[in-house]
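Reproduced below: upload_34.pdb, with PDB, C-alpha atoms.
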```pdb
MODEL        1
ATOM      1  CA  MET H 283     100.033  71.510  -2.873
ATOM      2  CA  ARG H 284      99.400  72.150   0.781
ATOM      3  CA  ILE H 285     101.127  69.861   3.224
ATOM      4  CA  LEU H 286      99.556  69.456   6.663
ATOM      5  CA  LYS H 287     101.924  68.798   9.430
ATOM      6  CA  LYS H 288     100.714  66.911  12.565
ATOM      7  CA  THR H 289     102.385  66.123  15.729
ATOM      8  CA  LYS H 290     103.066  62.552  16.845
ATOM      9  CA  ALA H 291     100.236  62.651  19.397
ATOM     10  CA  ALA H 292      97.737  63.813  16.796
ATOM     11  CA  LEU H 293      98.694  60.970  14.427
ATOM     12  CA  ILE H 294      98.170  58.331  17.182
ATOM     13  CA  LYS H 295      94.760  59.764  17.954
ATOM     14  CA  THR H 296      93.684  59.695  14.280
ATOM     15  CA  ILE H 297      94.757  56.059  13.833
ATOM     16  CA  SER H 298      92.857  54.964  16.977
ATOM     17  CA  LYS H 299      89.639  56.537  15.679
ATOM     18  CA  ALA H 300      90.016  54.727  12.347
ATOM     19  CA  LYS H 301      90.455  51.302  14.062
ATOM     20  CA  SER H 302      87.360  51.814  16.209
ATOM     21  CA  LYS H 303      85.264  52.504  13.084
ATOM     22  CA  LEU H 304      86.442  49.405  11.226
ATOM     23  CA  LYS H 305      85.516  47.045  14.164
ATOM     24  CA  LEU H 306      87.708  44.358  12.937
ATOM     25  CA  LYS H 307      86.695  40.835  14.111
ATOM     26  CA  PRO H 308      89.320  38.612  15.588
ATOM     27  CA  LYS H 309      90.184  35.557  13.552
ATOM     28  CA  LYS H 310      89.020  32.133  14.937
ATOM     29  CA  ALA H 311      91.599  29.633  15.727
ATOM     30  CA  LYS H 312      91.544  26.633  13.427
ATOM     31  CA  THR H 313      90.228  23.379  15.017
ATOM     32  CA  PRO H 314      92.447  20.389  14.597
ATOM     33  CA  PRO H 315      91.010  17.738  12.151
ATOM     34  CA  VAL H 316      90.531  15.076  14.900
ATOM     35  CA  LYS H 317      88.515  17.377  17.155
ATOM     36  CA  ALA H 318      86.391  18.567  14.219
ATOM     37  CA  ALA H 319      85.413  14.978  13.268
ATOM     38  CA  LYS H 320      84.530  14.208  16.871
ATOM     39  CA  LYS H 321      82.270  17.256  17.099
ATOM     40  CA  ARG H 322      80.516  16.305  13.861
ATOM     41  CA  GLN H 323      79.879  12.762  15.204
ATOM     42  CA  GLN H 324      78.451  14.138  18.455
ATOM     43  CA  ALA H 325      76.178  16.528  16.548
ATOM     44  CA  LYS H 326      74.946  13.663  14.328
ATOM     45  CA  GLU H 327      74.177  11.453  17.329
ATOM     46  CA  ALA H 328      72.347  14.284  19.062
ATOM     47  CA  SER H 329      70.287  14.921  15.913
ATOM     48  CA  GLY H 330      69.361  11.207  15.624
ATOM     49  CA  THR H 331      68.301  11.039  19.257
ATOM     50  CA  TYR H 332      66.097  14.105  18.782
ATOM     51  CA  GLU H 333      64.402  12.685  15.630
ATOM     52  CA  THR H 334      63.747   9.369  17.414
ATOM     53  CA  ALA H 335      62.123  11.205  20.289
ATOM     54  CA  ILE H 336      59.846  13.054  17.846
ATOM     55  CA  VAL H 337      58.796   9.794  16.138
ATOM     56  CA  ASN H 338      58.109   8.144  19.487
ATOM     57  CA  THR H 339      55.627  10.848  20.407
ATOM     58  CA  LYS H 340      53.210   9.340  17.854
ATOM     59  CA  PHE H 341      52.874   6.264  20.048
ATOM     60  CA  SER H 342      53.044   7.885  23.447
ATOM     61  CA  HIS H 343      50.051   7.896  25.802
ATOM     62  CA  SER H 344      49.004   9.847  28.779
ATOM     63  CA  GLN H 345      49.517   8.521  32.236
ATOM     64  CA  GLU H 346      45.834   7.421  32.502
ATOM     65  CA  VAL H 347      45.801   4.287  30.343
ATOM     66  CA  TYR H 348      42.328   2.996  29.278
ATOM     67  CA  GLN H 349      41.450  -0.292  30.900
ATOM     68  CA  ALA H 350      39.143  -2.510  28.853
ATOM     69  CA  PRO H 351      36.231  -3.983  30.816
ATOM     70  CA  ALA H 352      36.494  -7.588  31.807
ATOM     71  CA  ARG H 353      35.123 -10.048  29.266
ATOM     72  CA  PRO H 354      31.758 -11.589  30.152
ATOM     73  CA  GLN H 355      31.742 -15.161  31.212
ATOM     74  CA  GLU H 356      30.973 -17.880  28.702
ATOM     75  CA  LEU H 357      27.319 -18.750  28.239
ATOM     76  CA  PRO H 358      26.297 -21.779  30.259
ATOM     77  CA  SER H 359      25.861 -25.042  28.425
ATOM     78  CA  SER H 360      22.413 -25.489  29.974
ATOM     79  CA  TYR H 361      19.837 -23.592  32.022
ATOM     80  CA  ASN H 362      18.286 -26.594  33.811
ATOM     81  CA  LEU H 363      14.966 -26.179  31.996
ATOM     82  CA  ASP H 364      12.625 -28.422  30.053
ATOM     83  CA  ARG H 365      11.947 -26.522  26.861
ATOM     84  CA  MET H 366      11.887 -26.932  23.083
ATOM     85  CA  VAL H 367      11.956 -24.041  20.600
ATOM     86  CA  LEU H 368      10.972 -24.244  16.926
ATOM     87  CA  GLN H 369      11.849 -21.491  14.456
ATOM     88  CA  VAL H 370      11.595 -20.921  10.694
ATOM     89  CA  ARG H 371      14.696 -20.781   8.538
ATOM     90  CA  ASP H 372      13.054 -20.438   5.117
ATOM     91  CA  PRO H 373       9.868 -21.623   3.319
ATOM     92  CA  ARG H 374      11.093 -25.227   3.404
ATOM     93  CA  TRP H 375      13.372 -25.636   6.428
ATOM     94  CA  LEU H 376      12.806 -25.398  10.182
ATOM     95  CA  HIS H 377      15.314 -25.356  13.027
ATOM     96  CA  THR H 378      14.621 -26.636  16.528
ATOM     97  CA  TYR H 379      16.679 -26.791  19.714
ATOM     98  CA  TRP H 380      15.852 -28.183  23.130
ATOM     99  CA  GLU H 381      17.022 -28.885  26.664
ATOM    100  CA  VAL H 382      15.848 -31.663  28.977
ATOM    101  CA  LYS H 383      16.598 -31.671  32.694
ATOM    102  CA  GLU H 384      18.356 -34.701  34.107
ATOM    103  CA  GLU H 385      15.487 -35.144  36.566
ATOM    104  CA  THR H 386      13.099 -35.496  33.630
ATOM    105  CA  PHE H 387      15.174 -38.269  32.076
ATOM    106  CA  GLN H 388      15.396 -40.016  35.426
ATOM    107  CA  GLY H 389      11.614 -39.955  35.641
ATOM    108  CA  PHE H 390      11.265 -41.654  32.240
ATOM    109  CA  LYS H 391      13.930 -44.203  33.193
ATOM    110  CA  SER H 392      12.111 -45.200  36.344
ATOM    111  CA  ARG H 393       8.765 -45.363  34.563
ATOM    112  CA  LEU H 394       9.849 -47.239  31.413
ATOM    113  CA  GLY H 395      12.594 -49.425  32.863
ATOM    114  CA  ASP H 396      14.575 -51.369  30.235
ATOM    115  CA  ASP H 397      12.388 -49.971  27.432
ATOM    116  CA  PHE H 398      13.972 -46.558  28.009
ATOM    117  CA  PHE H 399      17.444 -47.856  27.056
ATOM    118  CA  ARG H 400      16.130 -49.750  24.042
ATOM    119  CA  ALA H 401      14.076 -46.794  22.778
ATOM    120  CA  LYS H 402      15.160 -44.538  19.903
ATOM    121  CA  ARG H 403      15.302 -40.755  20.164
ATOM    122  CA  VAL H 404      12.870 -39.342  17.593
ATOM    123  CA  LEU H 405      11.646 -35.945  16.399
ATOM    124  CA  ARG H 406       7.991 -36.191  15.356
ATOM    125  CA  VAL H 407       7.050 -33.349  13.003
ATOM    126  CA  TYR H 408       3.327 -32.487  12.795
ATOM    127  CA  ASP H 409       1.546 -30.599  10.022
ATOM    128  CA  VAL H 410      -1.012 -28.546  11.982
ATOM    129  CA  THR H 411      -2.206 -26.204   9.235
ATOM    130  CA  ASN H 412      -5.685 -24.728   9.828
ATOM    131  CA  ILE H 413      -6.273 -26.676  13.051
ATOM    132  CA  ILE H 414      -5.980 -26.157  16.794
ATOM    133  CA  PHE H 415      -3.480 -28.891  17.605
ATOM    134  CA  ASN H 416      -4.275 -31.100  20.594
ATOM    135  CA  GLY H 417      -1.570 -33.737  20.065
ATOM    136  CA  SER H 418      -3.648 -36.222  18.079
ATOM    137  CA  ASN H 419      -5.452 -34.309  15.311
ATOM    138  CA  ALA H 420      -2.562 -33.341  13.020
ATOM    139  CA  ASN H 421      -3.123 -33.376   9.266
ATOM    140  CA  ARG H 422      -0.094 -35.644   8.982
ATOM    141  CA  PHE H 423       3.272 -36.236  10.631
ATOM    142  CA  PHE H 424       6.657 -37.784   9.956
ATOM    143  CA  ASP H 425       9.491 -38.986  12.216
ATOM    144  CA  ILE H 426      13.221 -38.211  12.213
ATOM    145  CA  GLN H 427      15.534 -40.458  14.210
ATOM    146  CA  ILE H 428      18.311 -38.555  16.001
ATOM    147  CA  ASN H 429      21.261 -39.511  18.189
ATOM    148  CA  ASP H 430      21.191 -39.466  21.968
ATOM    149  CA  PHE H 431      23.516 -36.456  22.266
ATOM    150  CA  ALA H 432      21.821 -34.034  19.847
ATOM    151  CA  ASN H 433      20.238 -30.879  21.243
ATOM    152  CA  SER H 434      19.299 -29.169  17.952
ATOM    153  CA  TRP H 435      18.223 -30.214  14.476
ATOM    154  CA  TYR H 436      17.357 -28.826  11.026
ATOM    155  CA  VAL H 437      14.086 -30.191   9.621
ATOM    156  CA  ASP H 438      13.238 -30.332   5.911
ATOM    157  CA  THR H 439       9.438 -30.032   5.775
ATOM    158  CA  ALA H 440       9.092 -29.895   1.973
ATOM    159  CA  GLY H 441       5.928 -27.915   2.682
ATOM    160  CA  PRO H 442       6.030 -24.115   2.307
ATOM    161  CA  GLY H 443       3.083 -22.135   3.565
ATOM    162  CA  ARG H 444       2.190 -24.656   6.287
ATOM    163  CA  ALA H 445       2.000 -24.656  10.095
ATOM    164  CA  TRP H 446       4.265 -27.034  12.027
ATOM    165  CA  CYS H 447       4.884 -28.372  15.522
ATOM    166  CA  VAL H 448       7.612 -30.783  16.690
ATOM    167  CA  ASP H 449       7.761 -33.328  19.513
ATOM    168  CA  LEU H 450      10.949 -34.739  21.008
ATOM    169  CA  GLY H 451      10.174 -38.259  22.129
ATOM    170  CA  LEU H 452      11.058 -41.911  22.530
ATOM    171  CA  MET H 453      10.056 -44.619  20.053
ATOM    172  CA  LEU H 454       9.686 -47.776  22.138
ATOM    173  CA  PRO H 455      10.396 -51.269  20.766
ATOM    174  CA  ASP H 456       6.644 -52.027  20.629
ATOM    175  CA  GLY H 457       5.985 -48.986  18.397
ATOM    176  CA  ARG H 458       4.630 -46.639  21.061
ATOM    177  CA  PHE H 459       5.748 -43.013  20.903
ATOM    178  CA  ILE H 460       6.344 -41.227  24.224
ATOM    179  CA  THR H 461       6.530 -37.420  24.085
ATOM    180  CA  ILE H 462       9.251 -35.793  26.183
ATOM    181  CA  LEU H 463       8.950 -32.175  24.969
ATOM    182  CA  ARG H 464       6.682 -30.283  22.570
ATOM    183  CA  SER H 465       7.672 -27.149  20.684
ATOM    184  CA  ASN H 466       5.735 -24.037  19.779
ATOM    185  CA  VAL H 467       3.813 -23.803  16.473
ATOM    186  CA  VAL H 468       5.362 -21.898  13.549
ATOM    187  CA  GLN H 469       4.167 -21.005  10.054
ATOM    188  CA  THR H 470       6.503 -21.344   7.067
ATOM    189  CA  PRO H 471       6.128 -18.614   4.421
ATOM    190  CA  LEU H 472       5.087 -19.301   0.848
ATOM    191  CA  ASP H 473       7.747 -19.707  -1.830
ATOM    192  CA  SER H 474       5.425 -18.320  -4.537
ATOM    193  CA  PRO H 475       2.590 -15.792  -4.872
ATOM    194  CA  SER H 476      -0.259 -16.457  -2.448
ATOM    195  CA  TRP H 477      -3.067 -18.689  -3.680
ATOM    196  CA  ILE H 478      -5.474 -17.440  -0.983
ATOM    197  CA  THR H 479      -8.276 -15.558  -2.733
ATOM    198  CA  ASP H 480     -11.278 -16.089  -0.465
ATOM    199  CA  GLU H 481     -10.257 -13.927   2.486
ATOM    200  CA  GLU H 482     -12.616 -11.150   3.622
ATOM    201  CA  TRP H 483     -11.752  -7.909   5.369
ATOM    202  CA  MET H 484     -13.839  -6.733   8.316
ATOM    203  CA  VAL H 485     -14.835  -3.036   8.266
ATOM    204  CA  PRO H 486     -15.934  -1.342  11.534
ATOM    205  CA  ASP H 487     -19.455   0.070  11.437
ATOM    206  CA  GLU H 488     -18.287   3.651  11.834
ATOM    207  CA  ILE H 489     -15.947   3.458   8.818
ATOM    208  CA  PHE H 490     -18.597   1.546   6.858
ATOM    209  CA  ALA H 491     -21.113   4.316   7.537
ATOM    210  CA  ARG H 492     -18.690   7.019   6.414
ATOM    211  CA  LEU H 493     -17.749   5.223   3.206
ATOM    212  CA  TYR H 494     -21.337   4.593   2.152
ATOM    213  CA  GLY H 495     -22.398   8.017   3.409
ATOM    214  CA  MET H 496     -19.888   9.609   1.040
ATOM    215  CA  GLY H 497     -21.186   7.398  -1.763
ATOM    216  CA  PHE H 498     -24.694   8.735  -1.172
ATOM    217  CA  GLY H 499     -23.496  12.321  -0.883
ATOM    218  CA  LEU H 500     -24.184  12.440   2.842
ATOM    219  CA  GLY H 501     -20.678  13.652   3.761
ATOM    220  CA  LYS H 502     -17.735  12.179   5.622
ATOM    221  CA  SER H 503     -19.375  12.364   9.035
ATOM    222  CA  SER H 504     -22.432  10.220   8.316
ATOM    223  CA  PRO H 505     -23.100   8.587  11.690
ATOM    224  CA  VAL H 506     -24.084   5.025  12.382
ATOM    225  CA  GLY H 507     -27.864   4.895  12.426
ATOM    226  CA  GLY H 508     -28.093   7.803   9.954
ATOM    227  CA  ALA H 509     -29.452   8.159   6.444
ATOM    228  CA  TRP H 510     -27.405   5.280   4.984
ATOM    229  CA  GLN H 511     -29.153   2.844   7.316
ATOM    230  CA  GLU H 512     -32.529   4.068   6.062
ATOM    231  CA  ARG H 513     -31.398   3.207   2.563
ATOM    232  CA  VAL H 514     -30.315  -0.248   3.688
ATOM    233  CA  LYS H 515     -33.816  -0.792   5.062
ATOM    234  CA  GLN H 516     -35.304   0.301   1.752
ATOM    235  CA  GLY H 517     -33.295  -2.381  -0.049
ATOM    236  CA  LEU H 518     -31.094  -0.074  -2.087
ATOM    237  CA  PHE H 519     -27.980  -2.105  -1.331
ATOM    238  CA  SER H 520     -29.467  -5.295  -2.738
ATOM    239  CA  SER H 521     -31.166  -3.801  -5.805
ATOM    240  CA  GLY H 522     -28.427  -1.366  -6.798
ATOM    241  CA  LEU H 523     -27.644   2.255  -6.010
ATOM    242  CA  SER H 524     -29.983   4.931  -7.330
ATOM    243  CA  SER H 525     -29.050   8.482  -8.264
ATOM    244  CA  SER H 526     -32.594   9.774  -7.828
ATOM    245  CA  PRO H 527     -33.316  11.862  -4.723
ATOM    246  CA  VAL H 528     -34.509   9.995  -1.691
ATOM    247  CA  LYS H 529     -38.026  10.754  -0.586
ATOM    248  CA  LYS H 530     -38.396  11.628   3.035
ATOM    249  CA  ALA H 531     -39.999   8.659   4.741
ATOM    250  CA  VAL H 532     -42.105   8.566   7.840
ATOM    251  CA  LYS H 533     -39.896   8.890  10.864
ATOM    252  CA  GLU H 534     -39.342   5.505  12.488
ATOM    253  CA  ARG H 535     -37.223   4.162  15.292
ATOM    254  CA  SER H 536     -33.624   3.645  14.112
ATOM    255  CA  PHE H 537     -32.826   0.568  16.218
ATOM    256  CA  TRP H 538     -32.513  -2.597  14.131
ATOM    257  CA  LEU H 539     -30.597  -5.926  13.919
ATOM    258  CA  LYS H 540     -29.666  -8.236  11.070
ATOM    259  CA  VAL H 541     -27.932 -11.632  11.442
ATOM    260  CA  ASP H 542     -26.883 -14.183   8.838
ATOM    261  CA  CYS H 543     -24.584 -17.214   8.639
ATOM    262  CA  GLU H 544     -21.967 -18.626   6.344
ATOM    263  CA  LEU H 545     -20.323 -22.053   6.329
ATOM    264  CA  ILE H 546     -16.640 -22.666   5.559
ATOM    265  CA  VAL H 547     -15.610 -26.156   4.456
ATOM    266  CA  TYR H 548     -11.891 -26.872   4.226
ATOM    267  CA  GLY H 549      -9.681 -29.934   3.898
ATOM    268  CA  ALA H 550      -6.614 -31.482   2.300
ATOM    269  CA  THR H 551      -5.644 -34.526   0.273
ATOM    270  CA  GLU H 552      -3.027 -35.552  -2.287
ATOM    271  CA  PRO H 553      -2.326 -32.665  -4.698
ATOM    272  CA  ASP H 554      -3.138 -34.807  -7.776
ATOM    273  CA  ALA H 555      -6.405 -36.217  -6.409
ATOM    274  CA  GLN H 556      -9.850 -35.553  -7.892
ATOM    275  CA  VAL H 557     -12.203 -33.942  -5.365
ATOM    276  CA  THR H 558     -15.919 -33.204  -5.581
ATOM    277  CA  VAL H 559     -18.129 -31.400  -3.070
ATOM    278  CA  GLN H 560     -21.862 -32.079  -3.372
ATOM    279  CA  GLY H 561     -21.080 -33.660  -6.723
ATOM    280  CA  MET H 562     -19.313 -30.575  -8.110
ATOM    281  CA  PRO H 563     -15.577 -30.866  -8.919
ATOM    282  CA  ILE H 564     -13.320 -28.354  -7.153
ATOM    283  CA  LYS H 565      -9.790 -27.159  -7.842
ATOM    284  CA  LEU H 566      -7.110 -27.972  -5.280
ATOM    285  CA  ARG H 567      -4.294 -25.697  -4.287
ATOM    286  CA  PRO H 568      -0.729 -26.766  -5.177
ATOM    287  CA  ASP H 569      -0.290 -28.436  -1.760
ATOM    288  CA  GLY H 570      -3.593 -30.356  -1.959
ATOM    289  CA  THR H 571      -5.640 -28.108   0.349
ATOM    290  CA  PHE H 572      -8.982 -26.481  -0.449
ATOM    291  CA  THR H 573     -11.400 -23.996   1.137
ATOM    292  CA  LEU H 574     -15.049 -23.389   0.212
ATOM    293  CA  ARG H 575     -17.457 -20.785   1.581
ATOM    294  CA  TYR H 576     -21.229 -21.351   1.496
ATOM    295  CA  TYR H 577     -24.262 -19.341   2.431
ATOM    296  CA  LEU H 578     -25.965 -21.293   5.206
ATOM    297  CA  PRO H 579     -29.768 -21.127   5.161
ATOM    298  CA  ASP H 580     -32.041 -22.593   7.786
ATOM    299  CA  GLY H 581     -32.443 -26.330   7.641
ATOM    300  CA  ARG H 582     -30.285 -29.401   7.274
ATOM    301  CA  GLN H 583     -27.358 -29.225   4.845
ATOM    302  CA  VAL H 584     -25.637 -32.424   3.649
ATOM    303  CA  ILE H 585     -22.207 -31.766   2.100
ATOM    304  CA  PRO H 586     -20.547 -34.966   0.824
ATOM    305  CA  VAL H 587     -16.839 -34.518   0.012
ATOM    306  CA  LYS H 588     -15.385 -37.244  -2.216
ATOM    307  CA  ALA H 589     -11.673 -37.659  -3.081
ATOM    308  CA  LYS H 590     -10.358 -40.123  -5.662
ATOM    309  CA  SER H 591      -6.682 -40.923  -6.276
ATOM    310  CA  ALA H 592      -5.061 -40.013  -9.557
ATOM    311  CA  ASP H 593      -4.936 -43.703 -10.606
ATOM    312  CA  ASN H 594      -8.638 -44.171  -9.693
ATOM    313  CA  VAL H 595      -7.771 -46.944  -7.223
ATOM    314  CA  ASP H 596      -8.401 -45.288  -3.848
ATOM    315  CA  GLU H 597     -11.498 -43.328  -2.873
ATOM    316  CA  ARG H 598     -12.520 -41.601   0.337
ATOM    317  CA  VAL H 599     -15.821 -39.914   1.240
ATOM    318  CA  ILE H 600     -16.462 -37.626   4.220
ATOM    319  CA  THR H 601     -19.914 -36.079   4.641
ATOM    320  CA  PRO H 602     -20.348 -33.121   7.012
ATOM    321  CA  ILE H 603     -24.003 -32.566   7.996
ATOM    322  CA  VAL H 604     -24.859 -29.099   9.275
ATOM    323  CA  THR H 605     -28.213 -27.918  10.658
ATOM    324  CA  ARG H 606     -29.129 -24.280  11.059
ATOM    325  CA  GLU H 607     -32.123 -23.108  13.055
ATOM    326  CA  THR H 608     -32.756 -19.413  13.411
ATOM    327  CA  LYS H 609     -35.082 -18.230  16.138
TER     328      LYS H 609
ENDMDL
END
```
Same coordinates, now as structure tokens:
Amino acid sequence: MRILKKTKAALIKTISKAKSKLKLKPKKAKTPPVKAAKKRQQAKEASGTYETAIVNTKFSHSQEVYQAPARPQELPSSYNLDRMVLQVRDPRWLHTYWEVKEETFQGFKSRLGDDFFRAKRVLRVYDVTNIIFNGSNANRFFDIQINDFANSWYVDTAGPGRAWCVDLGLMLPDGRFITILRSNVVQTPLDSPSWITDEEWMVPDEIFARLYGMGFGLGKSSPVGGAWQERVKQGLFSSGLSSSPVKKAVKERSFWLKVDCELIVYGATEPDAQVTVQGMPIKLRPDGTFTLRYYLPDGRQVIPVKAKSADNVDERVITPIVTRETK
């Protein structure tokens, strides 16, 4: 075995190099238990404050806060107008609302005197189906008494498919009815399939010519005054359409005119009544109305319409007399 001998200075140098390579960390001084608990409490409080700040960011807003617009003012209770509006709720019910100026009431007070204060406020409901209403020619009417403070009302007409108009008025002690306001006219819809079967559709001449031109094989652009009119003159429309070729006729002037007349008779009575027109029984619609269409030739036409009640007690006869003279 070989033994190396070193001097004291060499040994010190070797030990110093070894310590520098190990890089030994200095030991931390132990914290007393009281200080350690205090630090843990401070750390916990700091953590809670931080979490609260994070949660609060969900509800934070920018500096520019949205300002809602000011609410509109309440609608006025009145507009200082004299008006009455009627509208349809369903096939049976109507709704009406109205406003009367104080000056209007003062005018009625001065004109009627004590009768104004003894009068009853009334809604008069008119059935104005199939007529141009002038205030006195309604098919029928009924009255609804209302209070002095009402400004709207629901009306049960019990009459779907009819036209209606309503008056706001005063029923005087002597039975006279004074109209204050009159509403517009409305039409209630039907509550069943339509019973109207006698309506006719008007077709413009140009479309009529094209339709019949196509039927004759004359094309879609058959003009008014073209070949289809020649066939009308030859009577093909009255005797039936022919598939045989049309012979070329002598050229004539195309200008022509044809005029005819029809008569429509309509009316109404009790739905269970028996009605005859010119002695022939007719069928009433479910609401008691009827409509008849006649060809009207020249001369005097007498059309007696007779209605008899279901119990054969009451009878009414109305006889329209129509004269046609064609020149």
Item to check | Pairwise distance for atom CA of Asp593 of chain H and atom CA of Pro568 of chain H, rounded to one decimal in Å | outcome: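 Between these atoms lies a distance of 18.3 Å.
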I need the output of the PyMOL selection byres ((chain H and resi 566) around 12) for this file as a PDB file with C-alpha atoms, in the frame of the given file; which residues are they?
```pdb
ATOM      1  CA  TRP H 477      -3.067 -18.689  -3.680  1.00  0.00           C
ATOM      2  CA  ILE H 478      -5.474 -17.440  -0.983  1.00  0.00           C
ATOM      3  CA  TYR H 548     -11.891 -26.872   4.226  1.00  0.00           C
ATOM      4  CA  GLY H 549      -9.681 -29.934   3.898  1.00  0.00           C
ATOM      5  CA  ALA H 550      -6.614 -31.482   2.300  1.00  0.00           C
ATOM      6  CA  THR H 551      -5.644 -34.526   0.273  1.00  0.00           C
ATOM      7  CA  GLU H 552      -3.027 -35.552  -2.287  1.00  0.00           C
ATOM      8  CA  PRO H 553      -2.326 -32.665  -4.698  1.00  0.00           C
ATOM      9  CA  ASP H 554      -3.138 -34.807  -7.776  1.00  0.00           C
ATOM     10  CA  ALA H 555      -6.405 -36.217  -6.409  1.00  0.00           C
ATOM     11  CA  GLN H 556      -9.850 -35.553  -7.892  1.00  0.00           C
ATOM     12  CA  VAL H 557     -12.203 -33.942  -5.365  1.00  0.00           C
ATOM     13  CA  THR H 558     -15.919 -33.204  -5.581  1.00  0.00           C
ATOM     14  CA  VAL H 559     -18.129 -31.400  -3.070  1.00  0.00           C
ATOM     15  CA  PRO H 563     -15.577 -30.866  -8.919  1.00  0.00           C
ATOM     16  CA  ILE H 564     -13.320 -28.354  -7.153  1.00  0.00           C
ATOM     17  CA  LYS H 565      -9.790 -27.159  -7.842  1.00  0.00           C
ATOM     18  CA  ARG H 567      -4.294 -25.697  -4.287  1.00  0.00           C
ATOM     19  CA  PRO H 568      -0.729 -26.766  -5.177  1.00  0.00           C
ATOM     20  CA  ASP H 569      -0.290 -28.436  -1.760  1.00  0.00           C
ATOM     21  CA  GLY H 570      -3.593 -30.356  -1.959  1.00  0.00           C
ATOM     22  CA  THR H 571      -5.640 -28.108   0.349  1.00  0.00           C
ATOM     23  CA  PHE H 572      -8.982 -26.481  -0.449  1.00  0.00           C
ATOM     24  CA  THR H 573     -11.400 -23.996   1.137  1.00  0.00           C
ATOM     25  CA  LEU H 574     -15.049 -23.389   0.212  1.00  0.00           C
ATOM     26  CA  ALA H 589     -11.673 -37.659  -3.081  1.00  0.00           C
TER      27      ALA H 589
END
```
Next on the checklist: I'd like the residues picked by the PyMOL selection byres ((chain H and resi 387) around 12) written out as a list in words, using the chain letters and numbers from the file.
Outcome noted: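 Applied to this file, the PyMOL selection byres ((chain H and resi 387) around 12) selects Asp364, Glu381, Val382, Lys383, Glu384, Glu385, Thr386, Gln388, Gly389, Phe390, Lys391, Ser392, Arg393, Leu394, Gly395, Phe398, Phe399, Asp430, Gly451, Leu452, Thr461, Ile462 and Leu463 of chain H.
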Checklist entry - Could you work out how far atom CA of Asp473 of chain H lies from atom CA of Leu405 of chain H, giving the answer in Å with one decimal? => result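 Atom-to-atom, atom CA of Leu405 of chain H and atom CA of Asp473 of chain H are spaced 24.7 Å apart.
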Next on the checklist: Restricting the calculation to all atoms listed in the file: of H:Thr608, H:Gln560, H:Thr470, H:Ser591, which residue gets closest to Gln369 of chain H?
Outcome noted: H:Thr470
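Our summary of the geometry notes that atom CA of Asp449 of chain H is positioned 8.1 Å from atom CA of Val404 of chain H.
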